[in-house]
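J.: Next comes the structure file protein-v4.txt, holding compact mmCIF, C-alpha atoms and all ligand atoms.
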```txt
# COMPACT_ATOMS: atom_id res chain seq x y z
CA MET A 1 -50.75 11.56 10.45
CA LYS A 2 -47.08 12.45 10.85
CA LYS A 3 -46.27 8.92 12.03
CA ILE A 4 -47.67 7.46 8.85
CA PHE A 5 -46.15 10.08 6.63
CA LEU A 6 -42.52 9.79 7.81
CA PRO A 7 -41.93 6.09 6.99
CA PHE A 8 -43.75 6.62 3.73
CA PHE A 9 -41.56 9.60 2.94
CA LEU A 10 -38.33 7.75 3.89
CA CYS A 11 -39.36 4.77 1.83
CA PHE A 12 -40.04 7.05 -1.12
CA PHE A 13 -36.76 8.94 -0.55
CA TYR A 14 -34.57 5.81 -0.38
CA SER A 15 -36.22 4.16 -3.34
CA PHE A 16 -35.56 7.41 -5.20
CA ILE A 17 -31.82 7.11 -4.32
CA ILE A 18 -31.71 3.45 -5.36
CA VAL A 19 -33.41 4.25 -8.65
CA ALA A 20 -30.97 7.13 -9.19
CA GLN A 21 -28.00 4.82 -8.51
CA ASP A 22 -29.32 2.09 -10.78
CA ASN A 23 -29.90 4.74 -13.35
CA LEU A 24 -26.33 6.02 -13.05
CA LYS A 25 -24.96 2.48 -13.27
CA SER A 26 -26.91 1.72 -16.43
CA GLN A 27 -25.98 5.10 -17.93
CA ILE A 28 -22.29 4.42 -17.33
CA GLU A 29 -22.63 0.92 -18.74
CA SER A 30 -24.30 2.13 -21.90
CA ILE A 31 -21.64 4.83 -22.42
CA ILE A 32 -18.93 2.17 -22.03
CA LYS A 33 -20.68 0.01 -24.60
CA SER A 34 -20.77 2.90 -27.04
CA ILE A 35 -17.06 3.83 -26.66
CA GLU A 36 -15.26 0.52 -26.03
CA ASP A 37 -14.56 -0.39 -29.66
CA GLU A 38 -13.11 3.02 -30.39
CA TYR A 39 -10.88 2.77 -27.31
CA TYR A 40 -9.79 -0.74 -28.27
CA GLU A 41 -8.26 0.89 -31.34
CA THR A 42 -6.58 3.51 -29.11
CA TYR A 43 -5.29 0.72 -26.87
CA LYS A 44 -3.82 -1.21 -29.80
CA TYR A 45 -2.18 1.95 -31.13
CA LEU A 46 -0.56 2.60 -27.73
CA HIS A 47 0.46 -1.04 -27.41
CA ILE A 48 2.13 -1.08 -30.83
CA HIS A 49 3.90 2.24 -30.16
CA PRO A 50 5.52 1.94 -26.72
CA GLU A 51 7.91 4.68 -25.64
CA LEU A 52 10.49 4.42 -22.87
CA SER A 53 10.78 6.53 -19.73
CA LEU A 54 11.40 10.23 -20.44
CA MET A 55 10.91 9.54 -24.17
CA GLU A 56 7.07 9.53 -24.24
CA PHE A 57 6.84 12.20 -26.96
CA GLU A 58 4.22 10.71 -29.29
CA THR A 59 2.25 9.10 -26.46
CA SER A 60 1.99 12.43 -24.69
CA ALA A 61 0.88 14.16 -27.91
CA LYS A 62 -1.78 11.49 -28.38
CA MET A 63 -3.11 11.95 -24.84
CA ALA A 64 -3.22 15.74 -25.32
CA GLU A 65 -5.20 15.31 -28.54
CA HIS A 66 -7.80 13.10 -26.83
CA LEU A 67 -8.16 15.47 -23.88
CA LYS A 68 -8.57 18.55 -26.08
CA ASP A 69 -11.28 16.75 -28.05
CA MET A 70 -13.13 16.15 -24.79
CA GLY A 71 -12.98 19.84 -23.87
CA PHE A 72 -10.15 19.80 -21.33
CA SER A 73 -7.72 22.70 -21.19
CA VAL A 74 -4.38 20.98 -21.60
CA SER A 75 -0.94 22.06 -20.38
CA ARG A 76 1.55 20.03 -22.38
CA ASN A 77 5.15 19.35 -21.41
CA PHE A 78 4.68 20.26 -17.80
CA SER A 79 8.04 19.03 -16.47
CA GLY A 80 9.04 17.05 -19.56
CA ASN A 81 6.51 14.85 -21.33
CA SER A 82 3.88 14.90 -18.58
CA LEU A 83 0.66 16.76 -19.24
CA VAL A 84 -2.04 18.23 -17.07
CA GLY A 85 -5.64 18.48 -18.29
CA VAL A 86 -8.22 20.51 -16.41
CA LEU A 87 -11.98 20.35 -16.81
CA GLU A 88 -14.03 22.75 -14.70
CA ASN A 89 -17.65 21.81 -14.31
CA GLY A 90 -19.08 24.08 -11.65
CA LYS A 91 -18.54 24.18 -7.91
CA GLY A 92 -17.45 21.09 -6.07
CA PRO A 93 -14.47 18.93 -5.21
CA VAL A 94 -11.26 18.81 -7.23
CA ILE A 95 -10.41 15.23 -8.18
CA MET A 96 -7.14 14.20 -9.75
CA LEU A 97 -6.98 11.10 -11.95
CA ARG A 98 -3.52 9.99 -12.96
CA THR A 99 -2.20 7.63 -15.58
CA ASP A 100 1.39 6.82 -16.39
CA MET A 101 2.65 6.51 -19.98
CA ASP A 102 6.05 4.83 -20.17
CA ALA A 103 6.97 1.35 -21.45
CA LEU A 104 9.86 -0.98 -20.62
CA PRO A 105 12.99 -2.11 -22.49
CA ILE A 106 11.67 -5.65 -23.04
CA ARG A 107 11.21 -7.60 -26.28
CA GLU A 108 7.53 -8.55 -26.44
CA GLU A 109 6.64 -12.25 -26.55
CA THR A 110 2.86 -12.17 -26.16
CA GLY A 111 2.17 -13.52 -29.63
CA LEU A 112 -0.57 -10.90 -30.00
CA PRO A 113 -1.39 -9.75 -33.55
CA TYR A 114 -0.70 -6.24 -32.30
CA ALA A 115 2.49 -7.12 -30.39
CA SER A 116 5.13 -4.41 -30.30
CA ARG A 117 8.07 -4.88 -32.65
CA MET A 118 9.50 -1.53 -31.68
CA VAL A 119 13.15 -0.82 -31.09
CA LYS A 120 13.26 2.58 -29.41
CA GLU A 121 15.82 5.03 -28.19
CA ASN A 122 16.10 5.15 -24.41
CA ALA A 123 17.01 8.24 -22.39
CA ASP A 124 20.73 7.30 -22.64
CA GLY A 125 20.58 7.30 -26.44
CA ASN A 126 20.76 3.49 -26.84
CA MET A 127 18.40 1.55 -29.10
CA VAL A 128 16.54 -1.19 -27.19
CA PRO A 129 13.36 -3.24 -27.69
CA ALA A 130 10.30 -1.64 -26.11
CA MET A 131 7.07 -3.08 -24.78
CA HIS A 132 4.18 -2.09 -22.52
CA ALA A 133 4.94 -4.93 -20.10
CA CYS A 134 3.64 -3.00 -17.09
CA GLY A 135 0.24 -2.29 -18.64
CA HIS A 136 0.59 1.49 -18.80
CA ASP A 137 -1.13 1.35 -22.20
CA MET A 138 -4.14 -0.14 -20.39
CA HIS A 139 -3.91 2.60 -17.73
CA MET A 140 -4.02 5.29 -20.41
CA THR A 141 -6.99 3.73 -22.17
CA VAL A 142 -9.01 3.25 -18.98
CA TRP A 143 -8.06 6.81 -17.97
CA LEU A 144 -9.35 8.15 -21.31
CA GLY A 145 -12.50 6.03 -21.11
CA THR A 146 -13.22 7.26 -17.58
CA LEU A 147 -12.73 10.90 -18.56
CA LYS A 148 -14.90 10.45 -21.64
CA THR A 149 -17.66 8.90 -19.51
CA LEU A 150 -17.48 11.77 -17.02
CA VAL A 151 -17.66 14.32 -19.84
CA GLN A 152 -20.74 12.62 -21.25
CA LEU A 153 -22.36 12.64 -17.81
CA LYS A 154 -21.49 16.27 -17.08
CA GLN A 155 -25.05 17.03 -15.90
CA GLN A 156 -24.70 14.43 -13.13
CA TRP A 157 -21.83 15.95 -11.19
CA SER A 158 -20.08 19.22 -10.48
CA GLY A 159 -16.48 19.97 -9.60
CA THR A 160 -13.10 19.98 -11.32
CA ILE A 161 -11.13 17.14 -12.88
CA ILE A 162 -7.35 17.30 -12.95
CA ALA A 163 -6.22 14.66 -15.46
CA ILE A 164 -2.53 13.80 -15.24
CA ALA A 165 -0.70 11.77 -17.89
CA GLN A 166 2.65 11.18 -16.26
CA GLN A 167 5.99 10.35 -17.81
CA ALA A 168 8.72 8.13 -16.36
CA GLU A 169 6.93 6.11 -13.70
CA GLU A 170 9.24 3.14 -14.28
CA ILE A 171 12.29 5.14 -13.22
CA SER A 172 10.35 6.84 -10.43
CA ALA A 173 11.02 10.30 -11.84
CA GLY A 174 7.72 11.50 -13.31
CA ALA A 175 5.66 12.28 -10.20
CA ASN A 176 8.56 14.02 -8.52
CA ARG A 177 9.21 16.26 -11.50
CA LEU A 178 5.54 17.22 -11.80
CA ILE A 179 5.44 18.17 -8.14
CA GLU A 180 8.72 20.08 -8.29
CA ALA A 181 7.54 21.96 -11.38
CA GLY A 182 4.64 23.25 -9.27
CA LEU A 183 1.75 20.90 -10.01
CA PHE A 184 -0.08 21.95 -6.84
CA ARG A 185 0.84 25.64 -7.29
CA GLU A 186 -0.10 26.06 -10.94
CA PHE A 187 -3.26 23.95 -10.80
CA PRO A 188 -6.02 23.51 -8.21
CA VAL A 189 -4.97 21.33 -5.27
CA PRO A 190 -6.95 18.08 -5.48
CA ASP A 191 -9.26 17.01 -2.67
CA TYR A 192 -8.59 13.44 -3.82
CA ALA A 193 -6.05 11.81 -6.13
CA LEU A 194 -6.87 8.47 -7.76
CA ALA A 195 -5.06 5.93 -9.93
CA TYR A 196 -5.05 2.34 -11.05
CA HIS A 197 -2.39 -0.23 -11.69
CA VAL A 198 -3.17 -3.25 -13.83
CA ASN A 199 -2.81 -6.52 -11.92
CA ALA A 200 -1.47 -9.74 -13.44
CA GLU A 201 -3.06 -12.06 -10.85
CA LEU A 202 -6.63 -10.77 -10.52
CA PRO A 203 -9.41 -11.60 -12.99
CA ALA A 204 -9.93 -8.98 -15.69
CA GLY A 205 -12.21 -6.14 -14.64
CA SER A 206 -12.11 -6.86 -10.91
CA ILE A 207 -10.65 -4.44 -8.39
CA GLY A 208 -8.08 -5.04 -5.64
CA TYR A 209 -7.94 -2.54 -2.80
CA TYR A 210 -6.04 -1.96 0.41
CA PRO A 211 -6.99 0.79 2.89
CA GLY A 212 -3.40 1.71 3.82
CA PRO A 213 0.09 1.49 2.28
CA ILE A 214 -0.58 -0.77 -0.73
CA PHE A 215 2.86 -0.59 -2.37
CA GLY A 216 6.17 -0.54 -0.57
CA GLY A 217 8.83 2.11 -0.65
CA VAL A 218 11.92 1.33 -2.72
CA SER A 219 15.43 2.54 -2.09
CA SER A 220 18.70 1.62 -3.79
CA VAL A 221 21.71 1.56 -1.49
CA ASP A 222 25.41 1.29 -2.34
CA ILE A 223 27.91 0.03 0.22
CA HIS A 224 31.62 0.58 -0.36
CA VAL A 225 33.71 -1.78 1.79
CA TYR A 226 37.35 -0.74 2.17
CA GLY A 227 40.38 -2.76 3.24
CA TYR A 228 44.11 -2.87 2.64
CA GLY A 229 45.04 -4.79 -0.48
CA GLY A 230 48.10 -6.94 -1.08
CA HIS A 231 49.42 -10.30 -2.23
CA GLY A 232 46.96 -13.18 -2.05
CA ALA A 233 49.71 -15.38 -0.62
CA MET A 234 50.30 -13.01 2.32
CA PRO A 235 46.85 -12.22 3.74
CA HIS A 236 48.36 -11.34 7.14
CA THR A 237 49.78 -8.17 5.57
CA THR A 238 46.32 -7.05 4.37
CA ILE A 239 42.81 -6.38 5.64
CA ASP A 240 40.76 -8.31 3.14
CA PRO A 241 37.62 -6.43 1.99
CA VAL A 242 36.33 -9.59 0.21
CA VAL A 243 36.07 -11.32 3.58
CA LEU A 244 34.62 -8.19 5.21
CA ALA A 245 32.01 -7.83 2.45
CA SER A 246 31.07 -11.51 2.86
CA ARG A 247 30.62 -11.03 6.59
CA ILE A 248 28.54 -7.93 5.93
CA VAL A 249 26.25 -9.80 3.50
CA MET A 250 25.63 -12.50 6.11
CA ALA A 251 25.27 -10.09 9.03
CA ILE A 252 22.64 -7.92 7.35
CA GLN A 253 20.42 -10.99 6.89
CA THR A 254 19.51 -10.53 10.55
CA LEU A 255 18.41 -6.94 10.07
CA VAL A 256 14.86 -7.81 9.01
CA SER A 257 14.61 -11.16 10.83
CA ARG A 258 15.93 -9.97 14.23
CA GLU A 259 15.55 -6.21 14.41
CA ILE A 260 12.33 -5.24 12.61
CA GLU A 261 9.07 -6.05 14.39
CA PRO A 262 7.42 -9.12 12.82
CA PHE A 263 4.31 -7.31 11.57
CA GLN A 264 6.31 -4.73 9.65
CA PRO A 265 7.08 -5.97 6.13
CA ALA A 266 10.56 -5.12 4.92
CA VAL A 267 13.12 -6.52 2.47
CA VAL A 268 16.89 -6.07 2.29
CA THR A 269 18.43 -7.75 -0.76
CA VAL A 270 22.05 -7.65 -1.86
CA GLY A 271 21.70 -7.79 -5.61
CA SER A 272 25.31 -7.30 -6.61
CA ILE A 273 28.77 -7.74 -5.15
CA HIS A 274 31.90 -6.71 -7.03
CA GLY A 275 35.53 -6.58 -6.03
CA GLY A 276 38.98 -7.63 -7.08
CA SER A 277 40.60 -8.31 -10.41
CA LYS A 278 42.75 -11.44 -10.14
CA HIS A 279 43.14 -14.76 -8.30
CA ASN A 280 46.14 -13.77 -6.24
CA VAL A 281 45.46 -10.11 -5.48
CA ILE A 282 43.60 -8.98 -2.38
CA PRO A 283 41.81 -5.78 -3.46
CA ASP A 284 41.42 -2.47 -1.63
CA ARG A 285 37.67 -2.28 -2.00
CA VAL A 286 34.49 -4.29 -2.62
CA ASP A 287 31.18 -2.72 -3.67
CA LEU A 288 27.72 -3.99 -2.77
CA GLN A 289 24.42 -2.91 -4.32
CA LEU A 290 21.22 -3.38 -2.32
CA THR A 291 17.52 -2.86 -2.74
CA VAL A 292 15.50 -2.00 0.35
CA ARG A 293 11.69 -2.27 0.52
CA PHE A 294 9.56 -0.85 3.35
CA PHE A 295 6.06 0.41 4.15
CA GLU A 296 6.79 3.03 6.78
CA ASP A 297 9.41 5.76 6.85
CA LYS A 298 10.50 4.87 10.38
CA ILE A 299 11.28 1.29 9.25
CA TYR A 300 13.36 2.64 6.37
CA GLU A 301 15.31 4.84 8.77
CA GLN A 302 15.81 1.84 11.06
CA ILE A 303 17.18 -0.25 8.16
CA ILE A 304 19.63 2.43 7.00
CA GLU A 305 20.80 3.00 10.58
CA GLY A 306 21.22 -0.79 10.92
CA LEU A 307 23.25 -1.03 7.72
CA LYS A 308 25.58 1.72 8.95
CA ARG A 309 25.97 0.15 12.40
CA ILE A 310 26.58 -3.40 11.14
CA THR A 311 29.06 -2.43 8.43
CA ARG A 312 30.94 -0.15 10.80
CA GLY A 313 31.00 -2.80 13.52
CA ILE A 314 32.49 -5.38 11.16
CA ALA A 315 35.10 -2.92 9.88
CA LEU A 316 36.10 -2.00 13.44
CA SER A 317 36.38 -5.67 14.41
CA ALA A 318 38.79 -6.16 11.51
CA GLY A 319 40.98 -3.36 12.85
CA LEU A 320 40.31 -0.77 10.16
CA PRO A 321 40.92 2.89 11.12
CA GLU A 322 38.27 5.64 10.93
CA ASN A 323 39.33 6.75 7.47
CA ARG A 324 38.68 3.22 6.05
CA MET A 325 35.19 2.75 7.46
CA PRO A 326 32.58 1.42 4.99
CA GLU A 327 30.32 3.94 3.29
CA VAL A 328 26.56 3.36 3.13
CA ILE A 329 25.13 5.58 0.41
CA THR A 330 21.40 5.93 -0.25
CA LEU A 331 20.96 6.75 -3.93
CA GLU A 332 18.73 9.49 -5.24
CA GLY A 333 15.34 8.51 -6.61
CA LEU A 334 13.87 6.83 -3.56
CA THR A 335 10.29 5.75 -4.25
CA PRO A 336 8.16 6.27 -1.15
CA PRO A 337 5.39 3.81 -0.23
CA VAL A 338 2.00 4.35 -1.86
CA ALA A 339 0.19 5.18 1.37
CA ASN A 340 -3.47 4.94 0.44
CA ASP A 341 -5.84 7.07 2.49
CA ALA A 342 -8.07 4.54 4.27
CA GLY A 343 -11.13 6.80 4.32
CA LEU A 344 -10.89 7.52 0.60
CA VAL A 345 -10.36 3.84 -0.23
CA ASN A 346 -13.35 2.75 1.85
CA THR A 347 -15.59 5.40 0.26
CA ALA A 348 -14.45 4.37 -3.22
CA VAL A 349 -15.02 0.70 -2.44
CA LEU A 350 -18.70 1.40 -1.72
CA SER A 351 -19.06 3.09 -5.13
CA MET A 352 -17.14 0.32 -6.88
CA GLU A 353 -19.28 -2.37 -5.25
CA LYS A 354 -22.39 -0.62 -6.58
CA MET A 355 -20.90 -0.57 -10.05
CA LEU A 356 -19.34 -4.04 -10.26
CA GLY A 357 -20.92 -6.07 -7.47
CA ARG A 358 -19.23 -7.14 -4.23
CA ASP A 359 -17.63 -10.26 -5.70
CA ASN A 360 -15.51 -8.16 -8.01
CA ILE A 361 -14.06 -5.90 -5.33
CA ASN A 362 -11.41 -7.69 -3.27
CA LYS A 363 -9.25 -6.64 -0.40
CA VAL A 364 -5.66 -7.63 -1.22
CA ASN A 365 -2.39 -7.75 0.67
CA PRO A 366 0.14 -4.94 0.24
CA ASN A 367 2.88 -5.55 -2.30
CA THR A 368 6.59 -4.72 -2.26
CA VAL A 369 6.67 -3.35 -5.82
CA GLY A 370 7.34 0.36 -6.13
CA GLU A 371 5.12 3.03 -7.75
CA ASP A 372 5.79 6.75 -7.71
CA PHE A 373 2.10 7.66 -7.29
CA GLY A 374 2.78 7.75 -3.53
CA ARG A 375 4.58 11.05 -3.96
CA TYR A 376 1.37 12.96 -4.67
CA GLY A 377 0.24 12.20 -1.13
CA ARG A 378 3.44 13.30 0.58
CA THR A 379 3.57 17.01 -0.22
CA ALA A 380 2.70 19.81 2.22
CA GLU A 381 -0.84 19.81 0.76
CA GLN A 382 -1.38 16.28 2.15
CA VAL A 383 -3.67 15.19 -0.67
CA PRO A 384 -5.52 11.95 0.20
CA ILE A 385 -4.52 9.38 -2.42
CA ALA A 386 -5.85 5.99 -3.42
CA LEU A 387 -4.34 3.58 -5.91
CA PHE A 388 -6.30 0.46 -6.83
CA TRP A 389 -5.31 -2.74 -8.57
CA LEU A 390 -7.29 -3.34 -11.74
CA GLY A 391 -7.40 -7.06 -12.59
CA GLY A 392 -6.23 -7.84 -16.12
CA VAL A 393 -6.20 -11.66 -16.38
CA GLN A 394 -8.41 -13.30 -18.99
CA HIS A 395 -11.13 -15.23 -17.12
CA GLU A 396 -10.33 -18.63 -18.71
CA LYS A 397 -6.62 -18.23 -17.89
CA TYR A 398 -7.52 -17.22 -14.36
CA ALA A 399 -9.70 -20.32 -13.89
CA ASP A 400 -6.94 -22.52 -15.32
CA HIS A 401 -4.45 -20.91 -12.95
CA ILE A 402 -6.69 -21.54 -9.92
CA GLU A 403 -7.61 -25.11 -10.94
CA ASN A 404 -4.35 -26.38 -12.40
CA GLY A 405 -1.74 -23.97 -11.11
CA THR A 406 -0.81 -22.88 -14.63
CA PRO A 407 1.52 -19.92 -14.11
CA LEU A 408 0.44 -16.45 -15.19
CA PRO A 409 2.97 -14.05 -16.70
CA GLY A 410 3.54 -11.25 -14.20
CA LEU A 411 4.08 -7.54 -14.70
CA HIS A 412 7.37 -6.77 -16.49
CA ASN A 413 7.19 -10.20 -18.15
CA ALA A 414 7.57 -10.35 -21.96
CA ALA A 415 4.36 -12.42 -22.19
CA PHE A 416 2.19 -10.12 -20.06
CA CYS A 417 -0.94 -8.72 -21.71
CA PRO A 418 -4.22 -7.73 -20.05
CA ASP A 419 -7.54 -8.86 -21.51
CA PHE A 420 -8.76 -5.60 -23.02
CA TYR A 421 -12.57 -5.61 -22.98
CA PRO A 422 -13.34 -6.83 -19.45
CA THR A 423 -10.44 -4.83 -18.01
CA PHE A 424 -11.58 -1.66 -19.76
CA ARG A 425 -15.24 -2.13 -18.77
CA GLY A 426 -14.49 -2.84 -15.10
CA GLY A 427 -11.89 -0.09 -14.85
CA VAL A 428 -14.01 2.64 -16.41
CA ALA A 429 -17.23 1.68 -14.60
CA ALA A 430 -15.56 1.50 -11.18
CA MET A 431 -13.61 4.74 -11.55
CA ALA A 432 -16.35 6.80 -13.22
CA GLY A 433 -18.85 5.65 -10.57
CA THR A 434 -16.41 6.47 -7.77
CA MET A 435 -15.59 9.92 -9.12
CA ILE A 436 -19.23 10.88 -9.62
CA ASP A 437 -20.03 9.77 -6.07
CA LEU A 438 -17.08 11.78 -4.74
CA PHE A 439 -18.14 14.84 -6.70
CA ASN A 440 -21.65 14.59 -5.32
CA GLU A 441 -20.67 13.81 -1.74
ZN ZN B 1 6.41 -1.30 -13.97
ZN ZN B 2 3.60 0.11 -13.81
```
So that I can check it, write out the structure of this file as structure tokens.
Ligand SMILES: [Zn+2]
Ligand SMILES: [Zn+2]

T.:
Amino acid sequence: MKKIFLPFFLCFFYSFIIVAQDNLKSQIESIIKSIEDEYYETYKYLHIHPELSLMEFETSAKMAEHLKDMGFSVSRNFSGNSLVGVLENGKGPVIMLRTDMDALPIREETGLPYASRMVKENADGNMVPAMHACGHDMHMTVWLGTLKTLVQLKQQWSGTIIAIAQQAEEISAGANRLIEAGLFREFPVPDYALAYHVNAELPAGSIGYYPGPIFGGVSSVDIHVYGYGGHGAMPHTTIDPVVLASRIVMAIQTLVSREIEPFQPAVVTVGSIHGGSKHNVIPDRVDLQLTVRFFEDKIYEQIIEGLKRITRGIALSAGLPENRMPEVITLEGLTPPVANDAGLVNTAVLSMEKMLGRDNINKVNPNTVGEDFGRYGRTAEQVPIALFWLGGVQHEKYADHIENGTPLPGLHNAAFCPDFYPTFRGGVAAMAGTMIDLFNE
């Protein structure tokens, strides 16, 4: 009797789960259908009204309005323009969902009927063109759509949502300020923190994931190279910092190629070199500006140590004394890598596959762009974080790109614009499905 009953029971139990999942999927899809036109209007409003880093006043007000309408308790201006919305819905996990809000000082050339014509004040008080060339308008809209879906499905999950609309991602300041202002002291500490970034190479509505550091760390480094200046006709009476700086630029090319292990991605780029004022004057000093990209802290430390050693070695070989040694200065505002929690990513991928089908969920390679979302995972609370790529490329353009190699405008390009409807649908379905599964774990 028991032997017959158990398989029957299991069969019944699993088919119940499958029905429940199919049910959830179709419920989410029908909510998306009912809200997508309204959010297209929100998206266009945000796209037409971009605001630059630290200047997201109206955008932040708009996000607060939406959240209040959904029943969130909203703390506005938490460390500047960032806001924190909290929705408590019974016992369960605390899940943070973050969007960023800032635009870029770029003149839009998308040709869209709702292209931005805005000239906006930046944080330094200058008027510059502004555009959502990094897709943060799409992030906000998908974030709102996801929250709205979760609110409408309140009976299906229990726990707490922490909704973060963050200022100043582009200058890597927003996350840091939120954390320093006491994000994890004033509000419940999340069990998971999630975010998207729109992707300019993946088809609209598909997801790109990586179960580990998905975005590199970014650090700006200044190097001051000193010498002894003098007459250009009498170099033997000088120590020429132009020559030293040139040797330094060449020598540091071996840092990544000869000193970092081959399976550790890293970049050291000298983006600017400035020194001297005239043809026949050997200057006292030359300045270099570098960007360094890395995926692990120990590699970053190795690079900085290498820069100090190489520059010092070259200065010593030129006969400079201790008080004229080069200075290697790491600037404030380092963006750490976005170190995705592998377990969280893999769990989310299962939910996303249920929502969008396996073909639309792709493992991607890590990328050397910077994103300050990584900071939320590096505090003492050790919150597991996961950032996903959300494909934004119109399907016809994607096919043309694959077949004919037609270039696609990348992020931060004046012609970049995601394809709203499929991006919104995929983004909301994948994230709402993931969050409900995490709540019910
Ligand atoms: Zn950006
Ligand atoms: Zn961005």

J.: Using all atoms listed in the file, which residues of the polymer chains come no farther than 7 Å from ligand ZN 1 (chain B)? I'd like the answer as a ChimeraX atom specification.

T.: /A:134,170,411-412

J.: One decimal, in Å: what's the spacing between atom CA of Asp359 of chain A and atom CA of Asn23 of chain A?

T.: 20.8 Å

J.: Using only C-alpha atoms, which of the listed residues (A:Ser206, A:Thr237, A:Ser73, A:Thr291) sits closest to Asp419 of chain A?

T.: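 Among the listed residues, the smallest separation from Asp419 of chain A belongs to A:Ser206.
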
J.: Go through the chains and note each residue within 8 Å of ligand ZN 2 (chain B), using all atoms listed in the file, then give the set as a PDB file with C-alpha atoms, in the frame of the given file.

T.:
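This is the output file result_36.pdb:
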```
ATOM      1  CA  ASP A 100       1.390   6.820 -16.390  1.00  0.00           C
ATOM      2  CA  CYS A 134       3.640  -3.000 -17.090  1.00  0.00           C
ATOM      3  CA  GLY A 135       0.240  -2.290 -18.640  1.00  0.00           C
ATOM      4  CA  HIS A 136       0.590   1.490 -18.800  1.00  0.00           C
ATOM      5  CA  GLU A 169       6.930   6.110 -13.700  1.00  0.00           C
ATOM      6  CA  GLU A 170       9.240   3.140 -14.280  1.00  0.00           C
ATOM      7  CA  HIS A 197      -2.390  -0.230 -11.690  1.00  0.00           C
ATOM      8  CA  VAL A 198      -3.170  -3.250 -13.830  1.00  0.00           C
ATOM      9  CA  GLU A 371       5.120   3.030  -7.750  1.00  0.00           C
ATOM     10  CA  LEU A 411       4.080  -7.540 -14.700  1.00  0.00           C
TER      11      LEU A 411
END
```

J.: Just the number, please: distance in Å from atom CA of Leu52 of chain A to atom CA of Ala165 of chain A, one decimal.

T.: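 For atom CA of Leu52 of chain A relative to atom CA of Ala165 of chain A, the distance reads 14.3 Å.
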